[in-house]
$ cat my_file20.cif   # mmCIF, C-alpha atoms
data_structure
#
loop_
_atom_site.label_atom_id
_atom_site.label_comp_id
_atom_site.auth_asym_id
_atom_site.auth_seq_id
_atom_site.Cartn_x
_atom_site.Cartn_y
_atom_site.Cartn_z
CA MET P 25 -4.10 -10.21 -6.06
CA ALA P 26 -2.67 -7.23 -7.94
CA HIS P 27 -4.92 -5.58 -10.53
CA ILE P 28 -3.24 -4.74 -13.84
CA LEU P 29 -4.86 -2.52 -16.47
CA ILE P 30 -3.67 -3.03 -20.05
CA ILE P 31 -4.20 -0.06 -22.39
CA GLU P 32 -3.39 -1.30 -25.88
CA ASP P 33 -5.17 -0.62 -29.17
CA GLU P 34 -3.77 -3.65 -31.01
CA PRO P 35 -6.30 -6.48 -30.34
CA VAL P 36 -3.95 -9.46 -30.68
CA THR P 37 -1.24 -7.92 -28.47
CA ARG P 38 -3.84 -6.89 -25.89
CA ALA P 39 -5.49 -10.31 -25.75
CA THR P 40 -2.16 -12.15 -25.61
CA LEU P 41 -0.92 -9.98 -22.75
CA ALA P 42 -4.16 -10.32 -20.83
CA SER P 43 -4.21 -14.10 -21.20
CA TYR P 44 -0.57 -14.43 -20.11
CA LEU P 45 -0.93 -12.21 -17.03
CA ASP P 46 -4.20 -13.86 -16.06
CA ALA P 47 -2.43 -17.24 -16.16
CA GLN P 48 0.21 -15.79 -13.79
CA GLY P 49 -2.47 -15.11 -11.18
CA TYR P 50 -3.13 -11.40 -11.71
CA SER P 51 -6.46 -9.68 -11.99
CA VAL P 52 -6.42 -8.16 -15.48
CA SER P 53 -8.55 -5.52 -17.20
CA GLN P 54 -7.97 -4.61 -20.83
CA VAL P 55 -9.08 -1.58 -22.82
CA GLU P 56 -8.36 0.01 -26.17
CA THR P 57 -8.43 3.72 -25.34
CA ALA P 58 -7.53 6.18 -22.59
CA GLU P 59 -11.19 7.06 -22.14
CA GLU P 60 -12.09 3.45 -21.33
CA ALA P 61 -9.13 3.26 -18.97
CA GLU P 62 -10.23 6.37 -17.09
CA LYS P 63 -13.61 4.82 -16.34
CA ILE P 64 -11.95 1.77 -14.79
CA LEU P 65 -9.52 3.92 -12.81
CA GLU P 66 -12.43 5.90 -11.39
CA GLU P 67 -14.41 2.83 -10.37
CA GLN P 68 -11.77 0.28 -9.36
CA ASP P 69 -8.46 0.00 -7.54
CA VAL P 70 -5.66 -0.56 -10.06
CA ASP P 71 -2.09 -1.39 -9.04
CA LEU P 72 -0.27 -1.11 -12.36
CA LEU P 73 -0.80 0.30 -15.85
CA LEU P 74 0.69 -1.38 -18.89
CA VAL P 75 0.35 1.36 -21.51
CA ASP P 76 1.12 1.43 -25.23
CA ILE P 77 2.67 4.78 -26.10
CA ASN P 78 1.04 5.02 -29.54
CA LEU P 79 -2.67 5.05 -28.77
CA PRO P 80 -5.34 6.78 -30.84
CA GLY P 81 -6.54 10.01 -29.25
CA LYS P 82 -4.92 10.50 -25.84
CA ASP P 83 -1.60 8.66 -26.09
CA GLY P 84 0.44 6.80 -23.51
CA LEU P 85 2.60 9.81 -22.67
CA GLN P 86 -0.41 11.92 -21.79
CA ILE P 87 -1.87 9.10 -19.71
CA THR P 88 1.44 8.85 -17.86
CA ARG P 89 1.55 12.59 -17.19
CA GLU P 90 -2.02 12.71 -15.88
CA GLN P 91 -1.79 9.62 -13.69
CA ARG P 92 1.56 10.55 -12.19
CA ALA P 93 0.19 13.95 -11.22
CA LYS P 94 -2.35 12.32 -8.92
CA SER P 95 -1.07 8.91 -7.84
CA GLU P 96 1.89 6.59 -7.34
CA ILE P 97 0.37 3.87 -9.50
CA GLY P 98 2.95 1.70 -11.28
CA ILE P 99 3.31 2.55 -14.98
CA ILE P 100 5.12 0.46 -17.60
CA LEU P 101 5.19 1.85 -21.15
CA VAL P 102 5.05 -0.48 -24.14
CA THR P 103 7.00 1.02 -27.03
CA GLY P 104 8.37 0.22 -30.47
CA ARG P 105 12.09 -0.29 -30.76
CA ASP P 106 12.45 2.97 -32.72
CA ASP P 107 10.65 5.04 -30.06
CA GLU P 108 13.79 6.01 -28.12
CA ILE P 109 12.79 9.67 -27.73
CA ASP P 110 9.32 8.67 -26.54
CA ARG P 111 10.83 6.24 -24.03
CA ILE P 112 13.01 9.00 -22.58
CA VAL P 113 10.11 11.45 -22.45
CA GLY P 114 7.92 8.79 -20.84
CA LEU P 115 10.44 8.20 -18.07
CA GLU P 116 10.80 11.94 -17.55
CA LEU P 117 7.03 12.22 -17.21
CA GLY P 118 7.03 9.62 -14.47
CA ALA P 119 6.77 6.18 -16.05
CA ASP P 120 8.54 3.57 -13.93
CA ASP P 121 9.77 1.31 -16.72
CA TYR P 122 9.28 0.36 -20.35
CA VAL P 123 9.36 -2.72 -22.57
CA CYS P 124 9.94 -2.80 -26.31
CA LYS P 125 7.84 -4.62 -28.89
CA PRO P 126 8.23 -7.43 -29.63
CA PHE P 127 8.93 -8.20 -25.98
CA ASN P 128 9.93 -11.28 -24.07
CA ARG P 129 7.03 -12.22 -21.80
CA ARG P 130 9.28 -13.55 -19.04
CA GLU P 131 11.23 -10.29 -19.04
CA LEU P 132 7.98 -8.35 -18.87
CA LEU P 133 6.80 -10.48 -15.96
CA ALA P 134 10.05 -9.90 -14.07
CA ARG P 135 9.83 -6.13 -14.58
CA LEU P 136 6.17 -6.17 -13.57
CA LYS P 137 6.85 -8.12 -10.36
CA ASN P 138 9.69 -5.80 -9.36
CA LEU P 139 7.59 -2.71 -9.95
CA LEU P 140 4.59 -4.08 -8.05
CA ARG P 141 6.84 -4.89 -5.12
CA ARG P 142 8.20 -1.33 -5.07
CA THR P 143 4.86 0.41 -5.46
CA GLN P 144 3.19 -1.77 -2.85
CA ASP P 145 6.00 -1.01 -0.40
CA ILE P 146 5.57 2.72 -1.09
CA ARG P 147 1.83 2.51 -0.53
CA ARG P 148 2.26 0.54 2.65
CA LEU P 149 4.76 3.03 4.03
CA SER P 150 2.69 6.04 3.03
CA ARG P 151 -0.47 4.58 4.52
CA ARG P 152 1.32 2.93 7.45
CA ILE P 153 -0.49 -0.38 7.52
CA TYR P 154 0.78 -2.74 10.17
CA LYS P 155 -0.01 -6.44 10.36
CA PHE P 156 0.59 -8.40 13.55
CA GLY P 157 -0.88 -11.65 14.79
CA LYS P 158 -4.44 -11.82 13.52
CA PHE P 159 -4.79 -8.03 13.21
CA GLN P 160 -4.30 -5.29 10.65
CA PHE P 161 -3.88 -1.69 11.83
CA ASP P 162 -4.37 1.01 9.19
CA VAL P 163 -3.11 4.24 10.72
CA ALA P 164 -4.24 6.55 7.92
CA ALA P 165 -7.79 5.19 8.11
CA ARG P 166 -7.61 4.96 11.92
CA HIS P 167 -8.91 1.44 11.56
CA LEU P 168 -8.13 -1.82 13.37
CA GLN P 169 -9.52 -5.08 12.07
CA THR P 170 -9.06 -8.82 12.34
CA ALA P 171 -7.73 -11.00 9.53
CA GLN P 172 -11.35 -11.95 8.84
CA GLY P 173 -12.20 -8.29 8.23
CA ASP P 174 -14.10 -7.66 11.47
CA SER P 175 -13.65 -4.08 12.70
CA ILE P 176 -12.45 -3.45 16.25
CA PRO P 177 -13.60 -0.05 17.53
CA LEU P 178 -10.97 2.20 19.10
CA THR P 179 -11.47 5.40 21.03
CA ARG P 180 -9.26 8.32 20.03
CA ALA P 181 -7.06 7.80 23.07
CA GLU P 182 -6.74 4.05 22.40
CA PHE P 183 -5.80 4.78 18.80
CA GLU P 184 -3.11 7.26 19.85
CA VAL P 185 -1.56 4.82 22.30
CA LEU P 186 -1.60 1.91 19.86
CA ASP P 187 -0.18 4.07 17.06
CA MET P 188 2.73 5.19 19.24
CA LEU P 189 3.50 1.69 20.48
CA VAL P 190 3.30 0.02 17.06
CA SER P 191 5.36 2.72 15.32
CA ARG P 192 8.08 2.16 17.95
CA ALA P 193 7.80 -1.62 18.11
CA GLY P 194 10.48 -3.09 20.34
CA GLU P 195 11.15 0.23 22.08
CA VAL P 196 9.89 1.05 25.55
CA ALA P 197 7.44 3.95 25.66
CA SER P 198 7.17 5.63 29.06
CA ARG P 199 3.82 6.47 30.63
CA ASP P 200 4.67 10.16 30.38
CA ALA P 201 5.41 9.88 26.65
CA LEU P 202 2.20 7.97 26.02
CA MET P 203 0.23 10.44 28.11
CA GLY P 204 1.74 13.31 26.16
CA ARG P 205 0.61 11.65 22.95
CA VAL P 206 -2.93 11.17 24.24
CA THR P 207 -3.39 14.67 25.66
CA HIS P 208 -0.99 16.47 23.28
CA ARG P 209 0.49 18.02 26.40
CA GLN P 210 3.77 16.99 27.93
CA TYR P 211 2.73 17.50 31.54
CA GLY P 212 -0.32 18.04 33.72
CA ALA P 213 -2.21 14.72 33.34
CA ASN P 214 -2.36 11.57 35.43
CA PRO P 215 -0.06 8.94 33.89
CA ARG P 216 -2.25 6.20 35.41
CA THR P 217 -4.74 7.03 32.67
CA VAL P 218 -2.34 5.23 30.32
CA ASP P 219 -2.64 2.06 32.41
CA VAL P 220 -6.39 2.12 31.87
CA LEU P 221 -5.94 2.55 28.11
CA ILE P 222 -3.42 -0.28 27.96
CA ARG P 223 -5.84 -2.51 29.86
CA ARG P 224 -8.57 -1.71 27.33
CA LEU P 225 -6.27 -2.39 24.38
CA ARG P 226 -5.18 -5.71 25.84
CA GLY P 227 -8.83 -6.66 26.20
CA LYS P 228 -9.24 -6.11 22.45
CA LEU P 229 -5.93 -7.57 21.25
CA GLU P 230 -4.75 -10.25 23.63
CA GLU P 231 -6.01 -13.82 23.76
CA ASP P 232 -5.34 -13.72 27.50
CA PRO P 233 -5.16 -10.11 28.74
CA ALA P 234 -3.80 -11.31 32.09
CA HIS P 235 -0.78 -12.76 30.31
CA PRO P 236 -0.14 -10.31 27.43
CA ARG P 237 2.04 -11.19 24.45
CA ILE P 238 1.46 -8.13 22.26
CA ILE P 239 1.77 -5.18 24.65
CA MET P 240 4.18 -5.96 27.46
CA THR P 241 4.79 -4.08 30.70
CA VAL P 242 8.33 -2.97 31.48
CA HIS P 243 8.15 -2.40 35.21
CA GLY P 244 9.27 1.02 36.32
CA GLU P 245 9.55 2.24 32.72
CA GLY P 246 6.38 1.83 30.66
CA TYR P 247 5.14 -0.42 27.88
CA VAL P 248 6.56 -2.04 24.75
CA PHE P 249 4.93 -3.53 21.66
CA THR P 250 6.49 -6.96 21.16
CA ALA P 251 4.39 -8.69 18.49
CA PRO P 252 6.25 -9.35 15.19
CA LEU P 253 5.18 -6.95 12.43
CA CYS P 254 4.75 -7.90 8.81
#

$ encode --input "my_file20.cif" --output "structure tokens"
Amino acid sequence: MAHILIIEDEPVTRATLASYLDAQGYSVSQVETAEEAEKILEEQDVDLLLVDINLPGKDGLQITREQRAKSEIGIILVTGRDDEIDRIVGLELGADDYVCKPFNRRELLARLKNLLRRTQDIRRLSRRIYKFGKFQFDVAARHLQTAQGDSIPLTRAEFEVLDMLVSRAGEVASRDALMGRVTHRQYGANPRTVDVLIRRLRGKLEEDPAHPRIIMTVHGEGYVFTAPLC
């Protein structure tokens, strides 16, 4: 469930927006000022900001500038129809989109969905989170877990092998290439070490390690990751 933070000083507009987005299935927080917003951003994960440009104190343009300098969070500016210069400046500062008051809620929802889809794809690519079968593999966090959230411990060598196989899903990785990844040397190690690591990984990933369906052996060549990724 995406978390949307509304920063709007007009109470009726803020409450109407929050109620509408909540009814669409989003987690919604609403605040009146930038200072209140900053507290939420420090304490919670937020996927998208819906920011009125004309706020008291720190305005929407300054919020956009500060947030874009440190994150790829989605930002939609809410502007008046006569705020053309502010809209242009907001986009130049890094806002992703804008809507004009009074706005059509269905149009806002469509823009919001498109932006969330883009930002979530960017986050997934930057973090390299792979989902396959009943597992989730977060490369940046070096973390493998089940769909139920149970952590599966990996040694450094097991992590390196799994990372290489998953990142090249469908392509055969030779024992030498995998060994080079594990030792960070191209030559000078026993490639059979990889077989041991593959056996350990299969014990953690496969329902039946004797008949693997996730990491397959390509005889005479190496190993290939065959599970569908999502």

$ residues_around --input "my_file20.cif" --residues "region 165-169 of chain P" --least-positions-apart "5" --cutoff "9 Å" --atoms "all atoms listed in the file" --output "ChimeraX atom specification"
/P:151,158-160,174-178,180,183

$ write_last_selection --input "my_file20.cif" --atoms "C-alpha atoms" --output "mmCIF file, in the coordinates of the input"
data_model
loop_
_atom_site.group_PDB
_atom_site.id
_atom_site.type_symbol
_atom_site.label_atom_id
_atom_site.label_comp_id
_atom_site.auth_asym_id
_atom_site.auth_seq_id
_atom_site.Cartn_x
_atom_site.Cartn_y
_atom_site.Cartn_z
ATOM 1 C CA ARG P 151 -0.470 4.580 4.520
ATOM 2 C CA LYS P 158 -4.440 -11.820 13.520
ATOM 3 C CA PHE P 159 -4.790 -8.030 13.210
ATOM 4 C CA GLN P 160 -4.300 -5.290 10.650
ATOM 5 C CA ASP P 174 -14.100 -7.660 11.470
ATOM 6 C CA SER P 175 -13.650 -4.080 12.700
ATOM 7 C CA ILE P 176 -12.450 -3.450 16.250
ATOM 8 C CA PRO P 177 -13.600 -0.050 17.530
ATOM 9 C CA LEU P 178 -10.970 2.200 19.100
ATOM 10 C CA ARG P 180 -9.260 8.320 20.030
ATOM 11 C CA PHE P 183 -5.800 4.780 18.800
#

$ closest_atom_pairs --input "my_file20.cif" --of "region 105-191 of chain P" --to "region 32-42 of chain P" --cutoff "10 Å" --atoms "only C-alpha atoms" --output "JSON lines"
{"residue": "P:Lys125", "atom": "CA", "partner": "P:Thr37", "partner_atom": "CA", "distance": 9.7}
{"residue": "P:Pro126", "atom": "CA", "partner": "P:Thr37", "partner_atom": "CA", "distance": 9.6}
{"residue": "P:Arg129", "atom": "CA", "partner": "P:Leu41", "partner_atom": "CA", "distance": 8.3}
{"residue": "P:Leu132", "atom": "CA", "partner": "P:Leu41", "partner_atom": "CA", "distance": 9.8}

$ resolve_selection --input "my_file20.cif" --expression "the PyMOL selection byres ((chain P and resi 140) around 12)" --output "MDAnalysis selection string"
chainID P and resid 25:28 50 70:74 96:100 120:121 133:139 141:148

$ resolve_selection --input "my_file20.cif" --expression "the PyMOL selection byres ((chain P and resi 30) around 6)" --output "list in words"
Leu29, Ile31, Gln54 and Leu74 of chain P

$ residues_around --input "my_file20.cif" --residues "region 233-250 of chain P" --least-positions-apart "2" --cutoff "6 Å" --atoms "only C-alpha atoms" --output "ChimeraX atom specification"
/P:189,193-199,226-227,230

$ residues_around --input "my_file20.cif" --residues "region 58-67 of chain P" --least-positions-apart "5" --cutoff "9 Å" --atoms "only C-alpha atoms" --output "PyMOL selection string"
chain P and resi 29-31+53+79-84+87

$ atom_distance --input "my_file20.cif" --atom1 "CA of Ser95 (chain P)" --atom2 "CA of Gln68 (chain P)"
13.8 Å

$ atom_distance --input "my_file20.cif" --atom1 "CA of Tyr122 (chain P)" --atom2 "CA of Val102 (chain P)"
5.7 Å

$ atom_distance --input "my_file20.cif" --atom1 "CA of Val218 (chain P)" --atom2 "CA of Lys155 (chain P)"
23.2 Å

$ resolve_selection --input "my_file20.cif" --expression "the PyMOL selection byres ((chain P and resi 107) around 12)" --output "ChimeraX atom specification"
/P:76-78,85,101-106,108-114,122-125

$ closest_residue --input "my_file20.cif" --among "P:Leu117, P:Val75, P:Val52, P:Leu45" --to "Arg92 (chain P)" --atoms "only C-alpha atoms"
P:Leu117

$ closest_residue --input "my_file20.cif" --among "P:Asp162, P:Asp232, P:Glu116, P:Glu90" --to "Val190 (chain P)" --atoms "all atoms listed in the file"
P:Asp162

$ closest_residue --input "my_file20.cif" --among "P:Ala171, P:Leu225, P:Met203, P:Ala119" --to "Arg89 (chain P)" --atoms "all atoms listed in the file"
P:Ala119

$ axis_aligned_box --input "my_file20.cif" --around "region 129-145 of chain P" --padding-each-side "4 Å" --output "JSON"
{"center_x": 7.2, "center_y": -6.6, "center_z": -11.1, "size_x": 16.0, "size_y": 22.0, "size_z": 29.4}
